[in-house]
Structure formats: structure tokens, C-alpha cells
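What follows is a single structure, written as C-alpha cells, with notes after it.
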Amino acid sequence: MNAFLATLSRELRAYFFSPLAYIVMAVLLLVNGFVFWLIVSFLSDPRAAAGAPLELFFGQTFFFWLILLFMTPVLTMRLLSEERRSGTIEVLMTAPITEAQVVLGKYVAALSFYIALWVPTLAYAGVIARYSAVDWGPVASGYLGIAGVGALFLAAGLLASAVTRSQLIAALLTFVILVPMFTFGLLENLINNEIAKQIFGYLNLWQHMDDFAKGIVDSRRLVYYASATVFLLFLATRTLAVKKWR
Amino acid sequence: MIEAQGLTRRYGDFTAVDGLSFSIGEGEIVGILGPNGAGKTTTIRMITGFLPPSEGRVTVAGKDLSSDSVGARGSLGYLPEHVALYEEMRVVEYLAYRARLEGVRRSRARGLIADAVSRCLLEDVREQIIGTLSKGYRQRVGLATAILHRPKVLVLDEPTIGLDPKQIIAIRELIRELGRESTLLLSTHILPEVELLCDRVMIIDRGKIVAEGSPESLRANSAGDSTVRVVLKGSPPDAASILSALPEVTRVEAAPNGLFEVICAGTADPREAIFRTVVDKGWTLLELVQSRASLEDVFVRLTTHEDPTAPPVSEVVAHRDENAAEVTG
């Protein structure tokens, strides 16, 4: 437990001390701010159909996915690659710590930082609440969706970071894992075979976020995120055990 | 405290360490010597649990590295050959992190950190960011990390590399002091360091132990030829032939400026005979010194391969370095 906490706090510190984190945060807020403004100005047009701005904000725009697909590789690429490239892995793995503790410590730090990045967007809900009524249920489930999809993406990123000592390759590899993970679901709409449609539907992240934003919490989706996350973290642990000294 | 049995490590077709077995008792200071690429770092990495051996087993402080890896690593302090640190942390922050990683209780950590800082002469840079430290300071932060939690077994890979002469003396002093508290395994290619610090030396070449013993016993056993340096004023032309005719002398090598190297078999001491000859001939003697076989001679003799079918040592070493680079680089 001590070793896990030591890793977690050192990783969190590394996030908040690196300029990269602030660049990611700034870009995220800039893009989100722009999207929020677009949505609000679109909906305030008297001819527009009625809609809840925050529903549209979570996952309904392509921007949301663009941010997520680019942001998670940047957050995770450093985690294990840098330890191996700089050689700090040698003193880390000769300390009394297991591979699982290293992977979990780093993962929880990345997830915490990711969640912290989204906290400022609560202000949007605050802005809406000031001028109109907010249905807080869908807002909460929207954030639950963001945490779930993020947890899955970050686990994929951590696995990629365990595979290579180059941060660039780790980021690209994460992207290569995430893009199919995301687009497979979209095939649901292009395929006629009933069974394939169901399978892709189960994996359709866009649809998932759409439902979360409407306040629909489907536990099958949470099971999907949780099981895939655990599997990816297990692979990362095994990869670290085998590759640490290479 | 450290037991290794049949320790072997292969990288593809290349065998870096080949069936090493040794045992290091409590409180011993043991040095591992060997040319570049002999397998020192590979051996050390297997002892510290970083590298899994291809064959064989290691126990540290009674704990098997394959079955109780975390336990074994917990009784170990390690300074790797390339000291790598988290660049963005301050020195004391880093040490506090390491203390936590080692499972040191918070109440004890403060005292241990202060102690490691003062023993490794880090007071001046306590609050400095590690990325801004010089090589010598980084080396000392690495050493402070290794000794921080008072491990029973300390493994130091080239501990004085990159330090200036004054720091080297201070760190050697510290190593000697640490040797009184814990078992110490030290890898180095600085021969005088081994003579100064170690109770016992293992000379490794091509992944095998080629000699083992105290520095004195290694020197005594290897006593091949002894050499006497003679310097004669004006280098008399017939000196070489006259000196080589002396009893026990095998040959004489004449060098410029009146220097003659008189080589004789075994432990023979021809100095008296040389002196009398010089007096008889009326030469002027400027210097007469017997040079004892040094550990350096032992080392060179054991690790130089005169097998005509084998490639020259320089090539072997270069070849191994390439292999090592492939593996670690």
C-alpha cells in the first residue's frame, strides 16, 4: 500500500509540475469553451429546436471525441516510457514494489488528473443554472460517462506506454488503439447483419455518451468500461514485468 | 547474505554470465572486477532482481529472489551504474519519496533522510532541483538513495565514477564506514579502489569467475616474474649483457636513458647482486627498485587471452560492448 501511495503521489506531482499538463488543460478549456459557446448561441436562436445545452455538450459534438482521442495519449505517453528511457525504472523496480503497484499508482494518478481537467467545465452548468433550469441528473450521468470512457482510454494509453521506451511511439500507439475502439462502434449504423449490429452497438461509444448525457445509465456500458480497463491494466502489468530491463 | 548458484544470463546466442556461483557472508566487502563487457553489470542486475536470470538462483538476506522478490529487494540498497533520477524533484523530496517506497514509517523517515544527506555530503543541495545538479552530486544522490533505508545488503555499481578526486576520497571513506554496518558488493574497474576497500575480490571475465580471494592472496598466487628497475648513469653499453649473466636473472630489457628492466623468475631478489656488480664495474647507480606484482598485473594476466584461435581482447571487448548496447540501449 505504501509503495502504491508513493507512486501515486509522485506521479500526481509530476503531472502538476510539468508544462505539458497546463497546455493540455488550456487547450481543453479553450475548445470546450468554444463548443459551449457554439451550442448556447445555436440554441438561443428563436427558430432553433428546443434542447438542453449540456446534453449536447457531452458527446453530441465531434469536438468532444476529438479532444478525448488526442488528450488521453498525451496524458499517458510519459508514464512508463520515460522511466525506461531515462533508466529510473532500474531503481524503481529494485525497490520493494510489485509491477501491479507501479501500474496502478500511475493509472490512478492519470485518472485523477484527467478528472481534475474536467472539473472547470462544471462552470458551464453553473452558467446555465443562472439563466435557466438545469436538470442535474443528466449532468451527473454525463460526467459519469466522461469518467468511464476516460478510464478506458487512459488504460489503453498506459499499456502503450509500457510497450515502448519512446514517448512519441507510445502516443501514436495509443491513438492507433483508440481510433478503432471508437470507430468500431460507429459501424453499427453501416451494417445490416443483425448480430454484428448488436455487437457494434454494444461498443458504440458515441451512442453510450449520447445516452449518458440524456441521463440513461446502462450498467452494461459500465461493465464494458470496467472489464476492458482491468484487462488493459493487466496487460500493462505483464508487459512491464517482461520488458522492464530491455 | 548473498548466495548465487549457477547464475547464468543469455542474450540470444551470447552468454553474458555463465554459471556464476558465489556466497557473500555478513559484513563482508566484496569487489567484482573485470574488463568492460565481462558481465559485471549483468551479474549485479540479477542480484538486485532487476534482470531475471536465464538459469540459477539468488537469495538475498535469506530470501529467494524468484519466490520472494519484494522481500529480497526490501533488504537491498542499490546504486546502479547509470544513476537515473526524477529530474523535476528536489533532492529531499526525492529522498522522501524513496523512503516511502521502501516502506519507512513517516516518523523515522525524517531522521534517516537527514542522516543520508549528511553522510553523502548533500547539505548544500538539499533543496535544489535534481535536473540542475552536476554529475558528482547526482552520483551522491544515488548513493544516498541506496543507503537511505539502512539496508542489510548494499550493491554499488561503479560508485566513484564521475567524482572529482576529493569527492572520491570522501565517498571511499563513506563506503568503508558502510562496510562496517552492512554487507557490501562493489563493482569497479578502478584497481586501487579494490585494494583499498575490499576484503575479497572476484575477477570476472567472459561471464566466469577467473580468480577469487583477498587482494593479497591474489597477488601472492600470481607471483609470476618480478622486475627490478635499474637506472645507470650514461647507460654503459655492456650493462645489459653483464646484468643478464647474473644468477636468477632471466633477461634484461634495455630502455633509453640508462633504464634497465631486470626480469627474474619467481620471488628471487637480485638487488644485492646487481648492486655489487655496479660497484665492481664502477658504474654510477641512480635508481634500484623492485616492483612487486600489483593487482593490475594479476588482472591483466587473467583477462588477457593468448589463445591463438581467439580474437584479440580488444576485439572481444568491442564485440561485447555492441551486444551490451543492443541489450541496454
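The way I read the labels, and the way they are meant: chains A, B, ... in the order of the C-alpha cells, residue 1 as the first residue of every chain, and ligand 1 as the first ligand shown, with later ones counted on from there.
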
For chain B, which residues have at least one atom within 8 Å of chain A, if we go by only C-alpha atoms? Write them as a ChimeraX atom specification, please.
/B:48-51,69-74,76,78-80,82-86,88,97-98,100-103,327-328

Atoms to include: C-alpha atoms. Write the selected residues as an mmCIF file, in the first residue's frame.
data_model
loop_
_atom_site.group_PDB
_atom_site.id
_atom_site.type_symbol
_atom_site.label_atom_id
_atom_site.label_comp_id
_atom_site.auth_asym_id
_atom_site.auth_seq_id
_atom_site.Cartn_x
_atom_site.Cartn_y
_atom_site.Cartn_z
ATOM 1 C CA THR B 48 19.202 -6.868 -7.355
ATOM 2 C CA GLY B 49 16.214 -8.548 -9.003
ATOM 3 C CA PHE B 50 16.107 -6.228 -11.991
ATOM 4 C CA LEU B 51 17.057 -8.865 -14.519
ATOM 5 C CA SER B 69 11.221 -10.913 -4.819
ATOM 6 C CA VAL B 70 9.705 -7.998 -2.916
ATOM 7 C CA GLY B 71 11.073 -9.285 0.402
ATOM 8 C CA ALA B 72 14.557 -9.739 -1.024
ATOM 9 C CA ARG B 73 14.501 -6.309 -2.663
ATOM 10 C CA GLY B 74 13.425 -4.823 0.658
ATOM 11 C CA LEU B 76 18.743 -4.348 -0.530
ATOM 12 C CA TYR B 78 21.342 -0.402 -4.885
ATOM 13 C CA LEU B 79 23.368 2.193 -6.748
ATOM 14 C CA PRO B 80 23.189 1.356 -10.455
ATOM 15 C CA HIS B 82 23.888 4.821 -14.604
ATOM 16 C CA VAL B 83 22.279 6.849 -11.859
ATOM 17 C CA ALA B 84 18.883 7.934 -13.152
ATOM 18 C CA LEU B 85 16.733 10.249 -11.052
ATOM 19 C CA TYR B 86 13.464 12.124 -11.421
ATOM 20 C CA GLU B 88 11.813 17.592 -11.664
ATOM 21 C CA TYR B 97 9.616 9.600 -1.948
ATOM 22 C CA ARG B 98 12.211 6.835 -1.846
ATOM 23 C CA ARG B 100 8.037 5.928 1.354
ATOM 24 C CA LEU B 101 8.680 3.481 -1.469
ATOM 25 C CA GLU B 102 10.900 1.471 0.855
ATOM 26 C CA GLY B 103 8.109 1.373 3.388
ATOM 27 C CA VAL B 327 20.531 -5.131 -24.861
ATOM 28 C CA THR B 328 20.509 -1.995 -22.790
#

Skip region 155-162 of chain A itself and residues of its chain fewer than 2 positions away, then list as a PyMOL selection string all residues within 7 Å of it, counting only C-alpha atoms.
chain A and resi 72-73+76-81+151-153+164+170+173-174+229+232-233+235-236+239-240

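Among the candidate residues A:Phe200, A:Leu8, A:Ile128, A:Trp118, the one lying nearest to Tyr143 (chain A) is A:Trp118, with distances computed using only C-alpha atoms.
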
If we count only C-alpha atoms, what is near Ser112 (chain A) at a cut-off of 12 Å, once residues fewer than 2 positions away on the same chain are taken out, given as number ranges by chain?
A: 8-9, 11-13, 15-16, 75, 104-110, 114-119, 147, 150-151, 154

Strand (DSSP E or B) call set, DSSP backbone run, region 131-292 of chain B, as an NGL selection string:
:B and (153-157 or 183-187 or 200-205 or 208-213 or 225-232 or 249-255 or 259-265 or 285-291)

So that I can see what lies close to Gly179 (chain B), please list as number ranges by chain the residues with an atom at most 9 Å from it, counting only C-alpha atoms and leaving out residues fewer than 3 positions away in the same chain.
B: 27-29, 154, 174-176, 182-184, 197

Would you mind exporting N, CA and C atoms of the selected residues as a compact mmCIF listing (two decimals), in the first residue's frame?
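Printed below is again25.txt as written:
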# COMPACT_ATOMS: atom_id res chain seq x y z
N GLY B 27 28.62 -8.78 6.58
CA GLY B 27 29.69 -7.85 6.91
C GLY B 27 30.88 -7.85 5.98
N GLU B 28 30.85 -8.70 4.97
CA GLU B 28 31.97 -8.73 4.03
C GLU B 28 31.90 -7.56 3.06
N ILE B 29 33.05 -7.10 2.59
CA ILE B 29 33.08 -6.16 1.48
C ILE B 29 33.74 -6.88 0.31
N LEU B 154 24.21 -3.92 0.55
CA LEU B 154 24.38 -2.78 -0.34
C LEU B 154 25.10 -3.24 -1.61
N LEU B 174 33.30 6.87 3.15
CA LEU B 174 31.91 6.50 3.47
C LEU B 174 31.67 5.02 3.21
N ILE B 175 32.19 4.53 2.08
CA ILE B 175 31.99 3.12 1.74
C ILE B 175 32.61 2.22 2.81
N ARG B 176 33.79 2.62 3.26
CA ARG B 176 34.46 1.83 4.29
C ARG B 176 33.61 1.80 5.56
N SER B 182 26.89 -2.93 6.91
CA SER B 182 26.16 -3.86 6.04
C SER B 182 27.12 -4.64 5.16
N THR B 183 26.55 -5.64 4.53
CA THR B 183 27.30 -6.43 3.57
C THR B 183 27.38 -5.63 2.28
N LEU B 184 28.54 -5.64 1.68
CA LEU B 184 28.72 -4.73 0.55
C LEU B 184 29.29 -5.46 -0.66
N LEU B 197 39.55 -1.07 -0.41
CA LEU B 197 38.26 -1.26 0.25
C LEU B 197 37.88 -2.71 0.54

All residues 12 Å or closer to region 27-39 of chain A, only C-alpha atoms, same chain fewer than 2 positions away omitted, as JSON, numbers by chain:
{"A": [20, 21, 22, 23, 24, 25, 41, 42, 43, 44, 45, 48, 49, 50, 51, 52, 53, 54, 55, 56, 57, 58, 59, 60, 61, 62, 63, 64, 65, 66, 67, 68, 69, 70, 71, 72, 114, 116, 117, 118, 119, 120, 121, 122, 123, 124, 125, 127, 128]}

Counting only C-alpha atoms, the residue of A:Val103, A:Leu222, A:Ile146, A:Leu172 that sits nearest Asp210 (chain A)
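The shortest atom-to-atom distance to Asp210 (chain A) comes from A:Ile146.
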
One decimal, in Å: what's the spacing between CA of Ala254 (chain B) and CA of Ala240 (chain B)?
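Between CA of Ala254 (chain B) and CA of Ala240 (chain B) the gap works out to 6.4 Å.
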
Considering only C-alpha atoms, state which residue in the set A:Val217, A:Ala228, A:Ala129, A:Leu190 is at the smallest distance from Leu203 (chain A).
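For Leu203 (chain A), the nearest of the given residues is A:Ala228.
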
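The two atoms in question, CA of Gly12 (chain B) and CA of Arg301 (chain B), are spaced 29.3 Å apart.
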
In Å to one decimal, how far is CA of Val252 (chain B) from CA of Leu288 (chain B)?
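Interatomic distance, CA of Leu288 (chain B) to CA of Val252 (chain B): 14.0 Å.
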
Spatial neighbours of Pro256 (chain B), max dist 12 Å, only C-alpha atoms, sep filter under 4 positions, as a ChimeraX atom specification
/B:230-237,260-261

Using C-alpha atoms, can you write the selected residues to a file as a short mmCIF file (atom, residue, chain, number, x, y, z; two decimals), in the first residue's frame?
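Final file, out.cif:
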data_model
loop_
_atom_site.label_atom_id
_atom_site.label_comp_id
_atom_site.auth_asym_id
_atom_site.auth_seq_id
_atom_site.Cartn_x
_atom_site.Cartn_y
_atom_site.Cartn_z
CA VAL B 230 67.86 -0.22 -12.58
CA VAL B 231 68.93 3.21 -13.80
CA LEU B 232 72.62 3.65 -14.62
CA LYS B 233 74.20 6.99 -15.42
CA GLY B 234 75.42 7.17 -19.01
CA SER B 235 73.95 3.76 -19.91
CA PRO B 236 77.14 1.67 -20.10
CA PRO B 237 76.99 -0.29 -23.41
CA PHE B 260 67.31 -1.46 -17.49
CA GLU B 261 64.49 -3.75 -16.51
#

For the alpha helix (DSSP H) assignment from backbone DSSP, which residues of region 1-245 of chain A qualify? Please present them as a ChimeraX atom specification.
/A:2-17,19-43,53-57,62-76,78-86,88-93,99-118,122-131,136-163,167-186,194-203,205-214,219-243

Which residue gives the smallest distance to Val223 (chain A) among A:Ile191, A:Ala196, A:Val149, A:Val179, with only C-alpha atoms counted?
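Closest residue, counting only C-alpha atoms: A:Val149.
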